[in-house]
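Have a look at my_file-v1.cif below; it lists mmCIF, C-alpha atoms and all ligand atoms.
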data_entry
#
loop_
_atom_site.label_atom_id
_atom_site.label_comp_id
_atom_site.auth_asym_id
_atom_site.auth_seq_id
_atom_site.Cartn_x
_atom_site.Cartn_y
_atom_site.Cartn_z
CA MET A 132 -13.67 18.41 6.68
CA LEU A 133 -13.78 19.78 3.14
CA LEU A 134 -14.91 17.27 0.55
CA PHE A 135 -13.87 17.77 -3.09
CA LYS A 136 -15.00 15.64 -6.00
CA ASN A 137 -13.84 17.96 -8.73
CA ILE A 138 -10.16 18.36 -9.67
CA HIS A 139 -10.33 22.06 -10.50
CA HIS A 140 -11.98 22.89 -7.18
CA ILE A 141 -9.39 21.05 -5.06
CA GLN A 142 -6.54 22.48 -7.14
CA GLU A 143 -7.86 26.00 -6.65
CA TYR A 144 -8.16 25.42 -2.89
CA LEU A 145 -4.67 23.90 -2.54
CA GLN A 146 -3.11 26.62 -4.70
CA LYS A 147 -4.40 29.22 -2.20
CA GLN A 148 -3.05 27.20 0.75
CA ARG A 149 0.39 26.91 -0.86
CA ALA A 150 0.41 30.64 -1.62
CA SER A 151 -0.23 31.36 2.06
CA GLY A 152 2.71 29.14 3.02
CA LYS A 153 0.71 26.28 4.58
CA SER A 154 2.30 22.82 4.69
CA TYR A 155 0.23 19.70 4.04
CA GLY A 156 0.61 15.95 3.95
CA PHE A 157 -1.27 13.63 1.60
CA ILE A 158 -2.56 10.09 2.22
CA PRO A 159 -3.85 8.31 -0.89
CA THR A 160 -6.15 5.36 -0.13
CA MET A 161 -8.62 3.00 -1.76
CA GLY A 162 -11.08 3.43 1.11
CA ALA A 163 -12.56 0.72 3.35
CA LEU A 164 -10.55 2.60 5.96
CA HIS A 165 -9.14 0.99 9.11
CA ARG A 166 -6.77 2.04 11.88
CA GLY A 167 -3.75 1.48 9.60
CA HIS A 168 -4.98 4.25 7.29
CA ILE A 169 -5.89 6.43 10.26
CA SER A 170 -2.35 6.10 11.67
CA LEU A 171 -1.01 7.66 8.45
CA ILE A 172 -3.45 10.57 8.80
CA GLU A 173 -2.40 11.05 12.43
CA ALA A 174 1.28 11.07 11.41
CA SER A 175 0.56 13.74 8.80
CA LYS A 176 -1.53 15.83 11.22
CA LYS A 177 1.37 15.92 13.68
CA GLU A 178 3.84 17.15 11.08
CA ASN A 179 1.83 19.52 8.85
CA ASP A 180 -0.55 22.47 8.97
CA PHE A 181 -3.27 20.35 7.40
CA THR A 182 -3.89 16.90 5.91
CA VAL A 183 -5.43 15.75 2.63
CA SER A 184 -6.59 12.19 2.03
CA SER A 185 -8.10 10.63 -1.06
CA ILE A 186 -10.36 7.66 -1.62
CA PHE A 187 -10.26 6.14 -5.09
CA VAL A 188 -10.53 2.43 -5.90
CA ASN A 189 -8.15 2.46 -8.85
CA PRO A 190 -9.35 0.12 -11.61
CA THR A 191 -5.99 0.09 -13.45
CA GLN A 192 -4.09 -1.60 -10.61
CA PHE A 193 -6.31 -4.69 -10.38
CA ASN A 194 -4.86 -7.46 -12.51
CA ASP A 195 -7.77 -9.68 -11.42
CA PRO A 196 -11.20 -8.20 -12.37
CA LEU A 197 -12.91 -10.30 -9.66
CA ASP A 198 -10.64 -8.75 -7.00
CA PHE A 199 -11.73 -5.29 -8.23
CA GLU A 200 -15.40 -6.28 -8.15
CA LYS A 201 -15.12 -7.64 -4.61
CA TYR A 202 -13.00 -4.78 -3.22
CA PRO A 203 -14.92 -3.46 -0.18
CA VAL A 204 -16.55 -0.03 -0.52
CA THR A 205 -17.69 1.61 2.76
CA ILE A 206 -17.72 5.29 1.88
CA GLU A 207 -20.19 6.52 4.54
CA LYS A 208 -18.24 4.77 7.30
CA ASP A 209 -14.96 6.06 5.84
CA ILE A 210 -16.21 9.66 5.99
CA GLN A 211 -17.27 9.16 9.65
CA LEU A 212 -13.76 7.86 10.49
CA LEU A 213 -12.11 10.78 8.69
CA LEU A 214 -14.33 13.22 10.59
CA GLN A 215 -13.41 11.53 13.90
CA VAL A 216 -9.68 11.83 13.23
CA LYS A 217 -10.22 15.45 12.01
CA CYS A 218 -8.77 14.92 8.56
CA ASP A 219 -8.98 18.36 6.91
CA VAL A 220 -9.64 17.57 3.26
CA LEU A 221 -10.99 14.53 1.40
CA PHE A 222 -10.60 14.14 -2.35
CA LEU A 223 -13.17 11.74 -3.76
CA PRO A 224 -12.79 11.71 -7.54
CA THR A 225 -14.66 9.60 -10.12
CA VAL A 226 -12.95 7.29 -12.60
CA ASN A 227 -13.66 9.83 -15.39
CA GLU A 228 -12.02 12.58 -13.39
CA ILE A 229 -8.82 10.56 -12.89
CA TYR A 230 -8.76 8.94 -16.35
CA PRO A 231 -10.45 11.43 -18.73
CA ASP A 232 -8.85 9.67 -21.73
CA GLY A 233 -9.98 6.21 -20.69
CA LEU A 234 -8.23 3.34 -18.97
CA GLN A 235 -6.02 2.26 -21.88
CA THR A 236 -2.55 3.76 -22.18
CA ASP A 237 0.76 3.27 -24.00
CA LYS A 238 2.75 4.86 -21.18
CA ASN A 239 5.13 2.53 -19.41
CA TYR A 240 7.07 3.34 -16.23
CA ASN A 241 10.49 1.72 -16.27
CA LEU A 242 10.47 0.12 -12.84
CA GLY A 243 13.21 -2.38 -13.72
CA HIS A 244 13.62 -5.30 -11.38
CA LEU A 245 10.81 -4.07 -9.05
CA GLU A 246 8.28 -5.04 -11.69
CA THR A 247 9.40 -8.66 -12.08
CA VAL A 248 9.82 -9.82 -8.46
CA LEU A 249 7.30 -10.68 -5.74
CA GLU A 250 4.09 -8.64 -6.27
CA GLY A 251 5.39 -7.62 -9.71
CA LYS A 252 5.72 -11.26 -10.75
CA TYR A 253 2.37 -12.44 -9.34
CA ARG A 254 0.31 -9.36 -10.27
CA PRO A 255 1.38 -8.43 -13.82
CA GLY A 256 0.59 -4.79 -14.62
CA HIS A 257 -0.30 -3.99 -11.00
CA PHE A 258 2.56 -1.55 -10.38
CA GLN A 259 2.01 0.20 -13.74
CA GLY A 260 -1.54 0.91 -12.51
CA VAL A 261 -0.22 2.06 -9.13
CA CYS A 262 2.21 4.43 -10.87
CA ARG A 263 -0.50 5.81 -13.15
CA VAL A 264 -2.86 6.67 -10.33
CA VAL A 265 -0.21 7.95 -7.91
CA HIS A 266 1.40 10.07 -10.64
CA ARG A 267 -2.01 11.57 -11.47
CA LEU A 268 -2.86 12.20 -7.81
CA LEU A 269 0.52 13.79 -7.08
CA ASP A 270 0.06 15.99 -10.13
CA ILE A 271 -3.32 17.17 -8.85
CA ILE A 272 -2.55 17.48 -5.12
CA LYS A 273 1.14 18.53 -5.40
CA PRO A 274 1.80 17.50 -1.79
CA PRO A 275 5.10 18.44 -0.16
CA VAL A 276 4.98 15.00 1.49
CA ILE A 277 3.00 11.74 1.22
CA TYR A 278 2.55 9.14 3.93
CA LEU A 279 2.69 5.48 2.94
CA GLY A 280 2.41 2.25 4.94
CA GLN A 281 5.27 -0.24 5.25
CA LYS A 282 2.54 -2.88 4.93
CA ASP A 283 2.93 -2.40 1.15
CA TYR A 284 6.73 -2.60 1.21
CA GLN A 285 7.29 -3.05 -2.52
CA GLN A 286 4.71 -0.37 -3.33
CA CYS A 287 6.69 2.12 -1.22
CA MET A 288 9.78 1.32 -3.32
CA VAL A 289 7.80 1.62 -6.56
CA ILE A 290 6.42 5.03 -5.56
CA LYS A 291 9.91 6.21 -4.61
CA LYS A 292 11.11 5.07 -8.05
CA LEU A 293 8.14 6.86 -9.69
CA THR A 294 9.10 10.15 -8.03
CA GLU A 295 12.72 9.72 -9.20
CA LEU A 296 11.72 8.77 -12.78
CA SER A 297 9.23 11.63 -13.09
CA GLY A 298 11.20 14.31 -11.22
CA ILE A 299 8.45 14.75 -8.61
CA ALA A 300 9.60 16.77 -5.59
CA THR A 301 7.19 15.15 -3.07
CA GLY A 302 8.88 13.69 0.01
CA ILE A 303 7.94 10.17 1.13
CA LYS A 304 7.37 9.08 4.72
CA ILE A 305 6.96 5.39 5.42
CA CYS A 306 4.95 4.52 8.54
CA PRO A 307 4.91 1.23 10.49
CA THR A 308 2.35 -1.52 9.81
CA LEU A 309 -0.59 -1.53 12.23
CA ARG A 310 -1.66 -5.01 13.33
CA GLU A 311 -4.56 -6.69 15.09
CA GLU A 312 -3.78 -8.20 18.49
CA SER A 313 -3.31 -11.55 16.75
CA GLY A 314 -0.50 -10.03 14.65
CA LEU A 315 -2.61 -9.94 11.47
CA ALA A 316 -1.70 -6.83 9.48
CA MET A 317 -4.73 -4.55 9.16
CA SER A 318 -6.02 -4.52 5.61
CA SER A 319 -9.22 -3.57 3.80
CA ARG A 320 -9.26 -7.12 2.44
CA ASN A 321 -9.58 -8.52 6.01
CA MET A 322 -13.22 -7.35 5.84
CA ARG A 323 -13.81 -10.29 3.52
CA LEU A 324 -12.75 -12.77 6.24
CA ASN A 325 -15.02 -14.01 9.04
CA GLU A 326 -13.74 -14.13 12.65
CA ALA A 327 -12.36 -17.67 12.26
CA GLY A 328 -10.65 -16.61 9.02
CA LYS A 329 -9.07 -13.60 10.74
CA GLN A 330 -7.65 -15.83 13.48
CA LYS A 331 -6.28 -18.26 10.89
CA ALA A 332 -4.82 -15.39 8.88
CA SER A 333 -2.47 -14.46 11.73
CA ALA A 334 -0.39 -17.44 10.52
CA ILE A 335 1.20 -15.08 7.98
CA TYR A 336 2.60 -12.87 10.74
CA ASN A 337 3.62 -15.90 12.81
CA THR A 338 5.51 -17.29 9.83
CA LEU A 339 7.30 -13.97 9.29
CA LEU A 340 8.16 -13.93 13.01
CA PHE A 341 9.46 -17.49 12.73
CA LEU A 342 11.82 -16.28 9.98
CA LYS A 343 12.93 -13.31 12.09
CA ASN A 344 13.63 -15.51 15.11
CA ASN A 345 15.40 -18.30 13.24
CA ILE A 346 17.31 -16.61 10.44
CA LYS A 347 21.00 -17.59 10.36
CA LYS A 348 23.97 -16.72 8.21
CA GLY A 349 24.34 -19.15 5.27
CA PRO A 350 22.00 -20.77 2.71
CA LEU A 351 18.30 -19.86 3.06
CA ALA A 352 16.56 -22.62 1.08
CA ALA A 353 15.74 -24.78 4.12
CA ILE A 354 14.26 -21.98 6.26
CA LYS A 355 12.19 -20.72 3.30
CA GLU A 356 10.83 -24.23 2.81
CA GLU A 357 9.89 -24.43 6.49
CA ALA A 358 8.07 -21.11 6.21
CA HIS A 359 6.22 -22.34 3.13
CA ALA A 360 5.17 -25.48 5.02
CA MET A 361 3.89 -23.38 7.95
CA LEU A 362 1.57 -21.45 5.62
CA ALA A 363 0.39 -24.63 3.88
CA GLU A 364 -0.34 -26.12 7.31
CA ALA A 365 -2.56 -23.11 8.06
CA ALA A 366 -4.53 -23.74 4.80
CA PHE A 367 -2.93 -20.89 2.84
CA LYS A 368 -2.27 -21.12 -0.88
CA THR A 369 1.02 -19.26 -1.04
CA ASP A 370 2.11 -17.06 -3.96
CA TYR A 371 5.48 -16.44 -2.30
CA ILE A 372 7.25 -16.28 1.04
CA GLU A 373 10.66 -14.81 0.32
CA ILE A 374 13.66 -13.16 1.86
CA ALA A 375 15.02 -10.13 0.01
CA ASP A 376 17.57 -7.35 0.35
CA ALA A 377 15.66 -4.65 2.24
CA ALA A 378 17.12 -1.86 0.07
CA THR A 379 16.85 -3.41 -3.43
CA LEU A 380 14.39 -6.32 -3.05
CA GLU A 381 16.91 -8.68 -4.71
CA ILE A 382 15.88 -12.18 -3.62
CA GLN A 383 18.46 -13.65 -1.22
CA HIS A 384 19.48 -17.29 -1.52
CA GLU A 385 22.24 -17.00 1.06
CA TRP A 386 22.67 -14.47 3.86
CA ASN A 387 26.02 -13.00 4.91
CA GLY A 388 24.74 -12.12 8.38
CA LYS A 389 25.04 -8.37 7.70
CA THR A 390 22.95 -7.19 4.74
CA LYS A 391 19.63 -5.69 5.84
CA ILE A 392 16.96 -8.16 4.81
CA VAL A 393 13.16 -8.31 4.77
CA ALA A 394 10.78 -11.28 4.65
CA LEU A 395 7.73 -10.80 2.42
CA ALA A 396 4.70 -13.00 1.94
CA ALA A 397 1.60 -13.13 -0.25
CA ALA A 398 -0.92 -15.90 0.26
CA PHE A 399 -4.58 -16.71 -0.28
CA LEU A 400 -6.93 -17.76 2.47
CA ASN A 401 -9.94 -19.06 0.55
CA ASP A 402 -10.13 -16.44 -2.22
CA VAL A 403 -8.78 -13.52 -0.17
CA ARG A 404 -5.21 -12.53 -1.06
CA LEU A 405 -3.22 -11.10 1.85
CA ILE A 406 0.29 -9.63 1.92
CA ASP A 407 2.64 -8.79 4.77
CA ASN A 408 6.32 -8.26 5.49
CA LEU A 409 8.78 -7.95 8.36
CA LEU A 410 12.31 -6.59 8.56
CA LEU A 411 14.47 -9.44 9.83
CA ASN A 412 17.49 -7.61 11.25
P1 LIG B 501 -4.84 1.09 0.47
O1 LIG B 501 -6.13 1.74 0.82
O2 LIG B 501 -4.78 -0.36 0.75
O3 LIG B 501 -4.38 1.45 -0.93
O4 LIG B 501 -3.75 1.72 1.44
C1 LIG B 501 -3.53 3.11 1.53
C2 LIG B 501 -2.29 3.36 2.35
O5 LIG B 501 -2.48 2.81 3.67
C3 LIG B 501 -1.04 2.66 1.76
O6 LIG B 501 0.07 3.53 1.90
C4 LIG B 501 -0.91 1.44 2.62
O7 LIG B 501 0.41 0.95 2.70
C5 LIG B 501 -1.37 1.98 3.98
N1 LIG B 501 -1.77 0.87 4.86
C6 LIG B 501 -2.58 -0.17 4.56
N2 LIG B 501 -2.67 -1.02 5.60
C7 LIG B 501 -1.88 -0.52 6.58
C8 LIG B 501 -1.54 -0.95 7.91
N3 LIG B 501 -2.01 -2.08 8.43
N4 LIG B 501 -0.70 -0.18 8.64
C9 LIG B 501 -0.19 0.97 8.11
N5 LIG B 501 -0.47 1.44 6.87
C10 LIG B 501 -1.30 0.70 6.12
#

Once more with this new file: its structure as structure tokens, please.
Ligand code: AMP
Amino acid sequence: MLLFKNIHHIQEYLQKQRASGKSYGFIPTMGALHRGHISLIEASKKENDFTVSSIFVNPTQFNDPLDFEKYPVTIEKDIQLLLQVKCDVLFLPTVNEIYPDGLQTDKNYNLGHLETVLEGKYRPGHFQGVCRVVHRLLDIIKPPVIYLGQKDYQQCMVIKKLTELSGIATGIKICPTLREESGLAMSSRNMRLNEAGKQKASAIYNTLLFLKNNIKKGPLAAIKEEAHAMLAEAAFKTDYIEIADAATLEIQHEWNGKTKIVALAAAFLNDVRLIDNLLLN
């Protein structure tokens, strides 16, 4: 695996690859890699001549400084995993390399409604930070295609919007969420839970499954309340458990039995914030 820390060096390398007609997929990550990340690399390896991943814990997307401080960093182990899966290139930039003009900016991406619902509502500024870093990375790597996880459902929609707003030609592939046997969605933040916590945390998936199995045409207030109660019962402090239009993320108060809908949840177990989602139909 080739490891680049410097932008000019990776750009020079990728320029040569493009000139020789090689296709490549790109998987941006914040490290603390798990099988969910690896599944994206495997998807890219199947479909491209070679695969580039990046590890960068992006300071501008953390609305809570404590969350940034506590974000797990396991770089040696990450590199071992990337070697095992035969990832071809790793980009490992510093904060200065990504943000040479500092972290402050006046630029604002017009994400519309996506910025005020769900994660947008509970993590103000988060998606602006996501857009900044992804825009910068796409500008450097110029990938024909990026691979994203459905685990971050709203983030996938935000990145799609970013490519439309900025006229970026990169294609987007969305890959299924990998889960533990208990149903818990794999996440770097799970590393902050002990074994008992991980078992408890599967209540998020069970609640989403409850919604999938019990959703009916008509008003949704009662079933949402039941879902909320299930999470409270499992000791979660819930930011939201919602049902939204799968294509627009408009919150649904009533379901017509036809529109494609998705259930999305964000909840704290102790001080660890977990998110998950499930398509309901
Ligand atoms: P992160 O390192 O959390 O920024 O995630 C990097 C990429 O991996 C994002 O596209 C995530 O959606 C994706 N990802 C995270 N967890 C999973 C999972 N359990 N299954 C599939 N993809 C995932």

| Skipping near chain neighbours, those fewer than 5 positions away, what residues fall within 8 Å of Lys136 (chain A) using all atoms listed in the file, listed as a ChimeraX atom specification? | /A:141,222-225

| Residues at most 7 Å from Val220 (chain A), counting all atoms listed in the file, excluding those fewer than 6 positions away in the same chain, as a ChimeraX atom specification? | /A:132-134,182-184

| request: Let me have all residues with an atom within 6 Å of ligand LIG 501 (chain B), counting all atoms listed in the file, laid out as an NGL selection string. | output: :A and (159-162 or 167-168 or 279-283 or 307-310 or 316-318)

Go ahead and dump the residues you just picked, C-alpha atoms, as an mmCIF file, in the frame of the given file.
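Ended up saving to again-v2.cif:
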data_model
loop_
_atom_site.group_PDB
_atom_site.id
_atom_site.type_symbol
_atom_site.label_atom_id
_atom_site.label_comp_id
_atom_site.auth_asym_id
_atom_site.auth_seq_id
_atom_site.Cartn_x
_atom_site.Cartn_y
_atom_site.Cartn_z
ATOM 1 C CA PRO A 159 -3.850 8.310 -0.890
ATOM 2 C CA THR A 160 -6.150 5.360 -0.130
ATOM 3 C CA MET A 161 -8.620 3.000 -1.760
ATOM 4 C CA GLY A 162 -11.080 3.430 1.110
ATOM 5 C CA GLY A 167 -3.750 1.480 9.600
ATOM 6 C CA HIS A 168 -4.980 4.250 7.290
ATOM 7 C CA LEU A 279 2.690 5.480 2.940
ATOM 8 C CA GLY A 280 2.410 2.250 4.940
ATOM 9 C CA GLN A 281 5.270 -0.240 5.250
ATOM 10 C CA LYS A 282 2.540 -2.880 4.930
ATOM 11 C CA ASP A 283 2.930 -2.400 1.150
ATOM 12 C CA PRO A 307 4.910 1.230 10.490
ATOM 13 C CA THR A 308 2.350 -1.520 9.810
ATOM 14 C CA LEU A 309 -0.590 -1.530 12.230
ATOM 15 C CA ARG A 310 -1.660 -5.010 13.330
ATOM 16 C CA ALA A 316 -1.700 -6.830 9.480
ATOM 17 C CA MET A 317 -4.730 -4.550 9.160
ATOM 18 C CA SER A 318 -6.020 -4.520 5.610
#

| query | Restricting the calculation to all atoms listed in the file, which member of A:Ile169, A:Leu351, A:Leu380, A:Ile158 is positioned closest to Lys217 (chain A)? | reply | A:Ile169

| query | What is the CA of Gly302 (chain A)-CA of Thr236 (chain A) distance in Å, reported with one decimal? | reply |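 Between CA of Gly302 (chain A) and CA of Thr236 (chain A) the gap works out to 26.9 Å.
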
| query | With only C-alpha atoms as the atoms that count, which of A:Glu357, A:Glu312, A:Glu246, A:Glu207 lies nearest to Gln285 (chain A)? | reply | A:Glu246

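Put simply, CA of Tyr371 (chain A) is 26.2 Å away from CA of Leu164 (chain A).
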
| said: For a quick check of understanding, using only C-alpha atoms, which of A:Ile271, A:Tyr202, A:Asn189, A:Ser175 has the smallest distance to Tyr144 (chain A)? | reply: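 Answer, going by the shortest atom-to-atom distance: A:Ile271.
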
| task | Work out how far apart CA of Ala353 (chain A) and CA of Ala334 (chain A) are and give it in Å to one decimal. | result |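 These two atoms are separated by 18.8 Å.
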